[in-house]
Amino acid sequence: MRCALPLLVLLAACSLRDPRTSAPSCASNAQCGRDDICFLGECRQPAANLSVVRVEVRPPAGSQFGVKGQQIDLRASVLNDFTLDVALGADGSVTQEQEDGGTVPVPGAILTWTDHAPVIPDRVEQVTAVTDSDGGYGGARISQGSWQVLVQPPAPLPPLRTAPFDTAAPILDFVLPRTSALQRVDGVLTGPDGGLAGASVTAVDAQGSAVSAPSVSEADGGYTLYLPPSSPPPVAVQIGPQTDADAGAAAAALDPFPTYPPVAYAAVIGIDLPAVAVLNGTVLDSVGAPVPEARVHVRSVNKPWTLARAVVTDGAGAYTVTLRAGEYGVQAAPLTDANSPALSAQQTVVLPASGPLNLTCPPKVVRQAQVLSADGRSVGPSFQILATRVPDGLVATRIAPTAFTDLTGTFSLAADPGRWRITVVPPAGVNLPRNIVQVDLDAADPGPSALPAIRLSPPLEAVGTVKWGPAPDSVIPGAMVSFFSLDVSGHSLFLGSALTDSKGRYAAILPDVAQPGIGP
């Protein structure tokens, strides 16, 4: 086998445990081993290798309880109960001070609560609400903990950010400063032909966070920003296209308009706006046939500004995209089904170009692999295979069509060249854990050829009860208990989950291995 893949098997096999259905029966922990616990009449062993994990407990939809995040050590015990608290019902108002000392409601303000101390760094809980015509809002439910709030009133009022607060002493009513107390900042944008109209301008602080509402430059390029009273003068302004669907004729005349990095504020800012240029061509497969419905991705390179576009080829494989003069990376992404060709190689073009840019998409790489249990036996049919391509350039994440193992535990994958993460998901009712592997598929070996076997890890059953109080019947049915580990980059990897039954009990099958170390 020509193996062009360094295969990283993350959840490698250790010693196989006896199935939980054959675990010794018990009535108390004393009847189990020294480190074992008794749960539902069976002795449960602690983890052999899996240690600290993050747990997210999410109550059923419409519940009065909030989401809970917690860190646990499964080497200490696989029995972990969780108690959910009643969520805070966030009902309040947004008003603005007036010159006479009174206040008026602010309708249409968007409020966003963000978890200030998430247990799982890349699974940050957010809750939003919008004020009505009376400036009031309601219905938002916030889990107990520490939160920050961002209030975004309609332009031209600037956003309001709160310091972190605890739900034990929540901030629910917000009063915006009167307009006369706001700092006013005026400026002018100029382009190649004088005043630049139709661009969006926002003041940002040193961290890049907006401290003003966006303002749209007028016919002479002028704009006005309003900053909170206590804000320092604007460090920089962010200039880019309008995002409003009804942006108007001035914005349409600028299209396509790049997004510029923050630039130091000045009364007059000159914008480098190259001339409009058109890129066209045809997407073909390896035998020269046109590829319809392929998405062509284009992104600027070697410029201080960013301009990215994506268009879909027509029935003849042709595409046309309007850009600005400059250098661009271009790549075609056909459909992900097995019968379509793979991603084209990324090409570079400088606009205006002397002719069309045609892109060639090679055949997909074909691989087969067998899934084995920890003792080396085939797992059999119906194991779900989920494959996700790690982004490496212009094209974002690509997901291959879902595959399933056959009677021999073997599956086939037809995918683009590149790095892939493959997740093996056992069918319902099978007491085996998920597994994640990382493979590199090399276009130099189109296949079909074999991948090394994917061996599942020994199963570890994590158990417990989800409650809302100390009483025996204060349990929460229908709660989702999900377990995550962190990879070397700090991103969460899903290990497994389970729903609580009518008595609030859960039993999740996890891979009993050391913390995964997969990277980008």
# chains A, B, ... in the order shown; residues from 1 in each chain; ligands from 1
>>> residues_around(residues="A:Arg299", least_positions_apart="3", cutoff="8 Å", atoms="only C-alpha atoms", output="PyMOL selection string")
chain A and resi 306-309+328-330+394
>>> closest_atom_pairs(of="stretch 410-486 of chain A", to="stretch 53-69 of chain A", cutoff="8 Å", atoms="only C-alpha atoms", output="Markdown table")
| residue | atom | partner | partner_atom | distance |
| --- | --- | --- | --- | --- |
| A:Ile476 | CA | A:Pro59 | CA | 7.5 |
| A:Pro477 | CA | A:Pro60 | CA | 7.9 |
| A:Gly478 | CA | A:Pro60 | CA | 5.5 |
| A:Ala479 | CA | A:Pro59 | CA | 4.3 |
| A:Met480 | CA | A:Arg58 | CA | 5.2 |
| A:Val481 | CA | A:Val57 | CA | 4.6 |
| A:Ser482 | CA | A:Glu56 | CA | 5.2 |
| A:Phe483 | CA | A:Val55 | CA | 4.7 |
| A:Phe484 | CA | A:Arg54 | CA | 5.1 |
| A:Ser485 | CA | A:Val53 | CA | 5.2 |
| A:Leu486 | CA | A:Val53 | CA | 7.9 |
>>> atom_distance(atom1="atom CA of A:Val395", atom2="atom CA of A:Leu335")
12.4 Å
>>> residues_around(residues="A:Ala415", least_positions_apart="5", cutoff="12 Å", atoms="only C-alpha atoms", output="compact mmCIF listing (two decimals) with N, CA and C atoms, in the first residue's frame")
# COMPACT_ATOMS: atom_id res chain seq x y z
N ALA A 333 -14.46 24.57 -5.78
CA ALA A 333 -14.93 23.52 -4.88
C ALA A 333 -16.20 22.90 -5.47
N PRO A 334 -16.07 21.75 -6.16
CA PRO A 334 -17.27 21.07 -6.66
C PRO A 334 -18.12 20.52 -5.52
N LEU A 335 -19.24 19.93 -5.88
CA LEU A 335 -20.10 19.31 -4.88
C LEU A 335 -19.33 18.21 -4.16
N THR A 336 -19.78 17.85 -2.94
CA THR A 336 -19.04 16.89 -2.14
C THR A 336 -19.44 15.44 -2.40
N ASP A 337 -20.45 15.18 -3.25
CA ASP A 337 -20.84 13.79 -3.49
C ASP A 337 -19.72 13.03 -4.18
N ALA A 338 -19.76 11.71 -4.05
CA ALA A 338 -18.66 10.87 -4.52
C ALA A 338 -18.45 10.95 -6.03
N ASN A 339 -19.47 11.32 -6.79
CA ASN A 339 -19.37 11.36 -8.25
C ASN A 339 -18.79 12.66 -8.78
N SER A 340 -18.67 13.67 -7.93
CA SER A 340 -18.10 14.95 -8.36
C SER A 340 -16.59 14.93 -8.19
N PRO A 341 -15.86 15.73 -8.96
CA PRO A 341 -14.41 15.78 -8.78
C PRO A 341 -14.04 16.49 -7.48
N ALA A 342 -12.74 16.50 -7.20
CA ALA A 342 -12.24 17.08 -5.96
C ALA A 342 -11.94 18.57 -6.13
N LEU A 343 -11.49 19.19 -5.05
CA LEU A 343 -11.07 20.58 -5.08
C LEU A 343 -9.97 20.78 -6.12
N PRO A 362 -9.23 17.53 -10.03
CA PRO A 362 -8.87 16.13 -10.20
C PRO A 362 -9.93 15.21 -9.59
N PRO A 363 -9.85 13.90 -9.85
CA PRO A 363 -10.79 12.97 -9.20
C PRO A 363 -10.59 12.96 -7.69
N LYS A 364 -11.63 12.59 -6.98
CA LYS A 364 -11.52 12.46 -5.53
C LYS A 364 -10.62 11.27 -5.18
N VAL A 365 -10.00 11.36 -4.01
CA VAL A 365 -9.20 10.27 -3.47
C VAL A 365 -10.14 9.25 -2.83
N VAL A 366 -9.90 7.97 -3.08
CA VAL A 366 -10.76 6.91 -2.55
C VAL A 366 -9.97 6.05 -1.57
N ARG A 367 -10.51 5.88 -0.37
CA ARG A 367 -9.89 5.07 0.66
C ARG A 367 -10.92 4.15 1.29
N GLN A 368 -10.44 2.98 1.77
CA GLN A 368 -11.26 2.10 2.58
C GLN A 368 -10.55 1.86 3.91
N LEU A 386 -18.38 9.91 9.94
CA LEU A 386 -18.48 11.34 9.66
C LEU A 386 -17.08 11.87 9.35
N ALA A 387 -16.91 12.48 8.19
CA ALA A 387 -15.59 12.97 7.77
C ALA A 387 -15.66 14.46 7.49
N THR A 388 -14.75 15.22 8.10
CA THR A 388 -14.70 16.67 7.96
C THR A 388 -13.30 17.09 7.55
N ARG A 389 -13.19 17.85 6.48
CA ARG A 389 -11.88 18.31 6.00
C ARG A 389 -11.45 19.54 6.78
N ARG A 398 -15.08 21.27 4.70
CA ARG A 398 -15.85 20.45 3.76
C ARG A 398 -16.27 19.18 4.49
N ILE A 399 -17.51 18.77 4.31
CA ILE A 399 -18.04 17.58 4.96
C ILE A 399 -18.37 16.54 3.90
N ALA A 400 -17.79 15.38 4.02
CA ALA A 400 -18.06 14.31 3.06
C ALA A 400 -19.42 13.69 3.35
N PRO A 401 -20.07 13.10 2.35
CA PRO A 401 -21.34 12.41 2.62
C PRO A 401 -21.14 11.32 3.68
N THR A 402 -22.12 11.17 4.54
CA THR A 402 -22.05 10.19 5.62
C THR A 402 -21.95 8.78 5.04
N ALA A 403 -21.04 7.99 5.61
CA ALA A 403 -20.86 6.59 5.19
C ALA A 403 -21.17 5.68 6.38
N TRP A 420 -8.08 15.30 6.96
CA TRP A 420 -9.46 15.01 7.35
C TRP A 420 -9.51 14.49 8.79
N ARG A 421 -10.60 14.82 9.46
CA ARG A 421 -10.91 14.21 10.75
C ARG A 421 -12.09 13.27 10.55
N ILE A 422 -11.89 12.02 10.92
CA ILE A 422 -12.93 11.00 10.75
C ILE A 422 -13.44 10.60 12.12
N VAL A 439 -6.41 11.90 9.29
CA VAL A 439 -5.68 11.32 8.17
C VAL A 439 -5.36 12.39 7.14
N ASP A 440 -4.25 12.19 6.44
CA ASP A 440 -3.88 13.03 5.32
C ASP A 440 -4.08 12.24 4.03
N LEU A 441 -4.93 12.73 3.16
CA LEU A 441 -5.21 12.07 1.88
C LEU A 441 -4.39 12.75 0.79
N ASP A 442 -3.51 11.99 0.16
CA ASP A 442 -2.57 12.54 -0.81
C ASP A 442 -3.12 12.31 -2.23
N ALA A 443 -3.20 13.39 -3.00
CA ALA A 443 -3.69 13.28 -4.37
C ALA A 443 -2.79 12.41 -5.25
N PRO A 446 -4.47 8.32 -5.80
CA PRO A 446 -5.93 8.49 -5.89
C PRO A 446 -6.70 7.26 -5.41
N GLY A 447 -6.05 6.10 -5.36
CA GLY A 447 -6.73 4.91 -4.87
C GLY A 447 -7.58 4.25 -5.95
N PRO A 448 -8.46 3.34 -5.53
CA PRO A 448 -8.76 2.98 -4.14
C PRO A 448 -7.56 2.30 -3.47
>>> atom_distance(atom1="atom CA of A:Gln96", atom2="atom CA of A:Thr114")
22.9 Å
>>> residues_around(residues="A:Ser93", least_positions_apart="4", cutoff="7 Å", atoms="only C-alpha atoms", output="list in words")
Gly135, Gly136, Tyr137, Leu172, Asp173 and Phe174 of chain A
>>> residues_around(residues="A:Asp512", least_positions_apart="3", cutoff="8 Å", atoms="only C-alpha atoms", output="PyMOL selection string")
chain A and resi 14+47-50+457-460
>>> write_last_selection(atoms="N, CA and C atoms", output="mmCIF file, in the first residue's frame")
data_model
loop_
_atom_site.group_PDB
_atom_site.id
_atom_site.type_symbol
_atom_site.label_atom_id
_atom_site.label_comp_id
_atom_site.auth_asym_id
_atom_site.auth_seq_id
_atom_site.Cartn_x
_atom_site.Cartn_y
_atom_site.Cartn_z
ATOM 1 N N CYS A 14 -6.634 0.449 24.619
ATOM 2 C CA CYS A 14 -5.927 0.002 25.810
ATOM 3 C C CYS A 14 -6.483 -1.380 26.151
ATOM 4 N N ALA A 47 -12.103 5.396 35.521
ATOM 5 C CA ALA A 47 -11.349 5.419 34.260
ATOM 6 C C ALA A 47 -9.934 4.930 34.479
ATOM 7 N N ALA A 48 -9.399 4.208 33.484
ATOM 8 C CA ALA A 48 -8.007 3.787 33.535
ATOM 9 C C ALA A 48 -7.094 4.861 32.955
ATOM 10 N N ASN A 49 -7.580 5.582 31.952
ATOM 11 C CA ASN A 49 -6.739 6.560 31.256
ATOM 12 C C ASN A 49 -7.406 7.925 31.118
ATOM 13 N N LEU A 50 -8.707 7.948 30.859
ATOM 14 C CA LEU A 50 -9.401 9.221 30.687
ATOM 15 C C LEU A 50 -9.470 9.934 32.025
ATOM 16 N N SER A 457 -11.590 2.427 21.260
ATOM 17 C CA SER A 457 -11.007 2.335 22.584
ATOM 18 C C SER A 457 -11.899 1.511 23.508
ATOM 19 N N PRO A 458 -11.356 1.050 24.626
ATOM 20 C CA PRO A 458 -12.201 0.375 25.610
ATOM 21 C C PRO A 458 -13.315 1.305 26.062
ATOM 22 N N PRO A 459 -14.500 0.778 26.276
ATOM 23 C CA PRO A 459 -15.601 1.639 26.693
ATOM 24 C C PRO A 459 -15.547 1.972 28.180
ATOM 25 N N LEU A 460 -15.913 3.196 28.482
ATOM 26 C CA LEU A 460 -16.046 3.650 29.869
ATOM 27 C C LEU A 460 -17.441 4.217 30.023
#
>>> atom_distance(atom1="atom CA of A:Ile110", atom2="atom CA of A:Ala140")
12.0 Å
>>> residues_around(residues="stretch 223-230 of chain A", least_positions_apart="5", cutoff="6 Å", atoms="only C-alpha atoms", output="PyMOL selection string")
chain A and resi 158+181-187+212+217
>>> write_last_selection(atoms="N, CA, C and O atoms", output="CSV table (one decimal), in the first residue's frame")
chain,number,residue,atom,x,y,z
A,158,PRO,N,-24.1,54.8,20.5
A,158,PRO,CA,-23.0,53.9,20.6
A,158,PRO,C,-23.4,52.7,21.5
A,158,PRO,O,-24.4,52.7,22.2
A,181,ALA,N,-24.4,64.4,25.8
A,181,ALA,CA,-23.3,63.9,26.6
A,181,ALA,C,-22.3,63.1,25.8
A,181,ALA,O,-21.2,62.8,26.2
A,182,LEU,N,-22.7,62.6,24.6
A,182,LEU,CA,-21.9,61.7,23.8
A,182,LEU,C,-20.8,62.6,23.2
A,182,LEU,O,-21.0,63.7,22.9
A,183,GLN,N,-19.7,61.9,22.9
A,183,GLN,CA,-18.6,62.5,22.2
A,183,GLN,C,-18.9,62.4,20.7
A,183,GLN,O,-19.2,61.3,20.2
A,184,ARG,N,-18.8,63.5,20.0
A,184,ARG,CA,-19.0,63.5,18.5
A,184,ARG,C,-17.7,63.6,17.8
A,184,ARG,O,-16.8,64.4,18.1
A,185,VAL,N,-17.5,62.7,16.8
A,185,VAL,CA,-16.3,62.6,16.0
A,185,VAL,C,-16.7,62.7,14.6
A,185,VAL,O,-17.5,62.0,14.1
A,186,ASP,N,-16.1,63.7,13.9
A,186,ASP,CA,-16.4,63.9,12.5
A,186,ASP,C,-15.2,63.6,11.6
A,186,ASP,O,-14.1,63.8,12.1
A,187,GLY,N,-15.4,63.1,10.4
A,187,GLY,CA,-14.3,62.9,9.5
A,187,GLY,C,-14.7,62.8,8.1
A,187,GLY,O,-15.9,62.9,7.8
A,212,SER,N,-18.5,52.7,18.7
A,212,SER,CA,-19.6,53.5,18.1
A,212,SER,C,-20.5,52.6,17.2
A,212,SER,O,-20.1,51.5,16.9
A,217,SER,N,-20.7,57.0,5.1
A,217,SER,CA,-20.2,58.3,4.6
A,217,SER,C,-21.2,58.8,3.5
A,217,SER,O,-21.8,58.1,2.7
>>> residues_around(residues="stretch 260-273 of chain A", least_positions_apart="5", cutoff="10 Å", atoms="only C-alpha atoms", output="ChimeraX atom specification")
/A:185-196,201-206,208,221-222,233-241,254,303-307,324-325
